[in-house]
Amino acid sequence: MKEIAKKVKSDSFILMASSNDIRNNCLQNIIKNLNRDREHILLENQKDIENAKAENISASILSRLLFDEHKLDTVIAGINDLINMDDPIGKITLKRELDEGLILTRTTTPIGVIGVIFEARPDALVQIASLCIKSGNAAILKGGSEAKLTNRALFESIKEAILEANLPKHILVQLEARSDVGELLSCSEYVDLLIPRGSNSFVKYIIDNTNISVMGHADGVCHTYVDEDFDIEKSVRILIDAKTQYPSACNTTETLLVHEKAVSNLLPKLNEAFKAASIKVYADIDVLSYFDNATAANDKSFHTEYLEKTINVKTVKDIDEAIDHINTYGSHHTDAILTNIDSNADYFMSRVDSANVYKNCSTRFADGFRYGFGAEVGISTGKLHARGPVGLEGLCTYKYKLYGNGDIVADYADGNKAFHFRDLN
């Protein structure tokens, strides 16, 4: 593994110095190859699906594992978006004259080598690979074993595209063995950043067993709060989308908080909508009677990421109790308020400590593609470097470049010269 990582690190320097045209050409080759290999990729995915069913894999994993025509078209659309985006490398974000003829710039640059360990989602492999190429980052990719055949077929198409663009072959490496993960964690001299995408326990394991910087999120316990004054038709529609549009996603609403003044107006209609959508309900004891066949919620319920058509319902006496609940039980991923009171929305959005906070829309919008980032390598709930959906900008850091002409610090320390710090356009 160290030898592989060393080769990736070496090739990363060539990739980060490549032109935007070369990287875009590689992305165009990926689109060409994915379309050419479409039938083979989809067939391999069907084999993965059949194998997963034989292993009695959960419904949520099966949902993520499915890679059909629609998902293939979606990832191709994402690559097209990336091609049309500006080059993220080499942007000057600061230009300052320290003294006459002594110019400092701050310039965006790729992070270097990124290790991404992700769940059984074949579309994630394409998104991550494309984002890394566009942002000039080499990557070591380890997908879920359930998607092994699909990932292998996709990677073969991508690998060929890299060679067709005359880029070094080790800018992307795919790992398949489970043991590779443990070995990857020890490659701190060659890998600059790890992005794990999986369960809470898995992400914690990664953090506890590596010296490499880790970016990402452990779970997605997301909330929607219905305020005292709200639009019932819009709210019911939003809540159904937030729970059912893709139940196994990390930005699905897991807990609904309802202002006590909204209960009698909202819950009867919501009960009918939940029944129609086959949503299972865990409800606070005071609103249990509003739902058919609901189960009483407990403290564990509010910590749970269900990843299926199951939701918690809890009443709160005011917006502050809702905010306190979210900041206590939430994963700081995505939380929303449904309200007609603008000042309440502003209050909520400034005090909820999450990477994404929304007003009057579904939590399912927390996604790099829907943000116009082309795609995402994941969502970060941390506060350093990148937060929320991590797209091109989040995969770049910066370096300072200083242009002088025989300048030495002693002249300034001795008082012979003085800085005048003038920002330049």
# chains A, B, ... in the order shown; residues from 1 in each chain; ligands from 1
$ residues_around --residues "segment 176-178 of chain A" --least-positions-apart "5" --cutoff "8 Å" --atoms "only C-alpha atoms" --output "PyMOL selection string"
chain A and resi 142-143+145+148
$ closest_atom_pairs --of "segment 184-246 of chain A" --to "segment 59-68 of chain A" --cutoff "12 Å" --atoms "only C-alpha atoms" --output "tab-separated table"
residue	atom	partner	partner_atom	distance
A:Gly198	CA	A:Ile61	CA	11.1
A:Ser199	CA	A:Ile61	CA	11.8
A:Thr244	CA	A:Ser60	CA	11.9
A:Gln245	CA	A:Ser63	CA	11.6
A:Tyr246	CA	A:Ser63	CA	8.3
$ closest_atom_pairs --of "segment 368-387 of chain A" --to "segment 119-135 of chain A" --cutoff "7 Å" --atoms "only C-alpha atoms" --output "tab-separated table"
residue	atom	partner	partner_atom	distance
A:Ala375	CA	A:Gln127	CA	5.7
A:Glu376	CA	A:Gln127	CA	6.5
A:Val377	CA	A:Ile128	CA	5.0
$ write_last_selection --atoms "N, CA and C atoms" --output "mmCIF file, in the first residue's frame"
data_model
loop_
_atom_site.group_PDB
_atom_site.id
_atom_site.type_symbol
_atom_site.label_atom_id
_atom_site.label_comp_id
_atom_site.auth_asym_id
_atom_site.auth_seq_id
_atom_site.Cartn_x
_atom_site.Cartn_y
_atom_site.Cartn_z
ATOM 1 N N ALA A 375 -20.962 18.099 -8.427
ATOM 2 C CA ALA A 375 -21.141 16.876 -7.631
ATOM 3 C C ALA A 375 -20.530 17.171 -6.270
ATOM 4 N N GLU A 376 -20.296 16.119 -5.491
ATOM 5 C CA GLU A 376 -19.657 16.305 -4.189
ATOM 6 C C GLU A 376 -18.879 15.055 -3.839
ATOM 7 N N VAL A 377 -17.818 15.223 -3.053
ATOM 8 C CA VAL A 377 -17.125 14.051 -2.527
ATOM 9 C C VAL A 377 -17.763 13.615 -1.219
#
$ atom_distance --atom1 "atom CA of Lys169 of chain A" --atom2 "atom CA of Asp11 of chain A"
7.8 Å
$ residues_around --residues "Met16 of chain A" --least-positions-apart "5" --cutoff "10 Å" --atoms "only C-alpha atoms" --output "ChimeraX atom specification"
/A:11,23,89-90,109-112,133-138,171
$ closest_atom_pairs --of "segment 199-232 of chain A" --to "segment 339-352 of chain A" --cutoff "10 Å" --atoms "only C-alpha atoms" --output "JSON lines"
{"residue": "A:Tyr225", "atom": "CA", "partner": "A:Thr339", "partner_atom": "CA", "distance": 8.6}
{"residue": "A:Val226", "atom": "CA", "partner": "A:Thr339", "partner_atom": "CA", "distance": 6.5}
{"residue": "A:Asp227", "atom": "CA", "partner": "A:Thr339", "partner_atom": "CA", "distance": 5.2}
{"residue": "A:Glu228", "atom": "CA", "partner": "A:Thr339", "partner_atom": "CA", "distance": 7.3}
{"residue": "A:Asp229", "atom": "CA", "partner": "A:Asn340", "partner_atom": "CA", "distance": 5.5}
{"residue": "A:Phe230", "atom": "CA", "partner": "A:Thr339", "partner_atom": "CA", "distance": 4.4}
{"residue": "A:Asp231", "atom": "CA", "partner": "A:Asn340", "partner_atom": "CA", "distance": 6.9}
{"residue": "A:Ile232", "atom": "CA", "partner": "A:Thr339", "partner_atom": "CA", "distance": 9.7}
$ write_last_selection --atoms "N, CA and C atoms" --output "CSV table (one decimal), in the first residue's frame"
chain,number,residue,atom,x,y,z
A,225,TYR,N,-38.5,21.7,11.4
A,225,TYR,CA,-39.3,22.3,12.5
A,225,TYR,C,-40.5,23.0,11.8
A,226,VAL,N,-41.7,22.7,12.2
A,226,VAL,CA,-42.9,23.5,11.7
A,226,VAL,C,-43.3,24.5,12.8
A,227,ASP,N,-43.2,25.8,12.4
A,227,ASP,CA,-43.4,26.9,13.3
A,227,ASP,C,-44.9,27.1,13.6
A,228,GLU,N,-45.2,28.1,14.5
A,228,GLU,CA,-46.6,28.3,14.9
A,228,GLU,C,-47.4,28.9,13.7
A,229,ASP,N,-46.8,29.6,12.8
A,229,ASP,CA,-47.6,30.1,11.6
A,229,ASP,C,-46.9,29.5,10.4
A,230,PHE,N,-47.6,28.7,9.6
A,230,PHE,CA,-47.0,28.0,8.5
A,230,PHE,C,-48.1,27.8,7.4
A,231,ASP,N,-47.6,27.5,6.2
A,231,ASP,CA,-48.5,27.1,5.1
A,231,ASP,C,-48.7,25.6,5.1
A,232,ILE,N,-49.9,25.1,5.4
A,232,ILE,CA,-50.1,23.7,5.6
A,232,ILE,C,-49.9,22.9,4.3
$ closest_atom_pairs --of "segment 119-225 of chain A" --to "segment 248-264 of chain A" --cutoff "10 Å" --atoms "only C-alpha atoms" --output "Markdown table"
| residue | atom | partner | partner_atom | distance |
| --- | --- | --- | --- | --- |
| A:Gly198 | CA | A:Cys250 | CA | 9.7 |
| A:His217 | CA | A:Cys250 | CA | 9.5 |
| A:Ala218 | CA | A:Cys250 | CA | 9.6 |
| A:Asp219 | CA | A:Cys250 | CA | 6.8 |
| A:Gly220 | CA | A:Cys250 | CA | 4.6 |
| A:Val221 | CA | A:Glu254 | CA | 5.8 |
| A:Cys222 | CA | A:Thr253 | CA | 4.8 |
| A:His223 | CA | A:Thr255 | CA | 4.9 |
| A:Thr224 | CA | A:Leu256 | CA | 5.1 |
| A:Tyr225 | CA | A:Leu257 | CA | 4.5 |
$ select_by_dssp --residues "segment 136-361 of chain A" --states "strand (DSSP E or B)" --output "PyMOL selection string"
chain A and resi 138-142+172-175+193-196+214+222-226+253-259+280-283+295-296+310-316+334-338+356-359
$ residues_around --residues "Glu97 of chain A" --least-positions-apart "3" --cutoff "7 Å" --atoms "only C-alpha atoms" --output "list in words"
Glu100, Leu102, Ile103, Leu104, Phe421, Arg422, Asp423 and Leu424 of chain A
$ atom_distance --atom1 "atom CA of Ile30 of chain A" --atom2 "atom CA of Leu194 of chain A"
24.0 Å
$ closest_residue --among "A:Ile4, A:Leu34, A:Ile379, A:Leu43" --to "Val191 of chain A" --atoms "only C-alpha atoms"
A:Ile4
$ residues_around --residues "Asn405 of chain A" --least-positions-apart "2" --cutoff "8 Å" --atoms "only C-alpha atoms" --output "count of residues only"
4
$ select_by_dssp --residues "segment 59-92 of chain A" --states "helix (DSSP H, G or I)" --output "ChimeraX atom specification"
/A:59-65,69-84
$ residues_around --residues "Ala52 of chain A" --least-positions-apart "2" --cutoff "10 Å" --atoms "only C-alpha atoms" --output "number ranges by chain"
A: 46-50, 54-59, 61-62, 65, 145-147
$ atom_distance --atom1 "atom CA of Asn271 of chain A" --atom2 "atom CA of Phe291 of chain A"
5.4 Å
$ residues_around --residues "segment 78-81 of chain A" --least-positions-apart "4" --cutoff "7 Å" --atoms "only C-alpha atoms" --output "PyMOL selection string"
chain A and resi 27+74+85+130+369+374-375
$ closest_residue --among "A:Ser213, A:Asp37, A:Asn416, A:Lys401" --to "Ala153 of chain A" --atoms "only C-alpha atoms"
A:Asp37
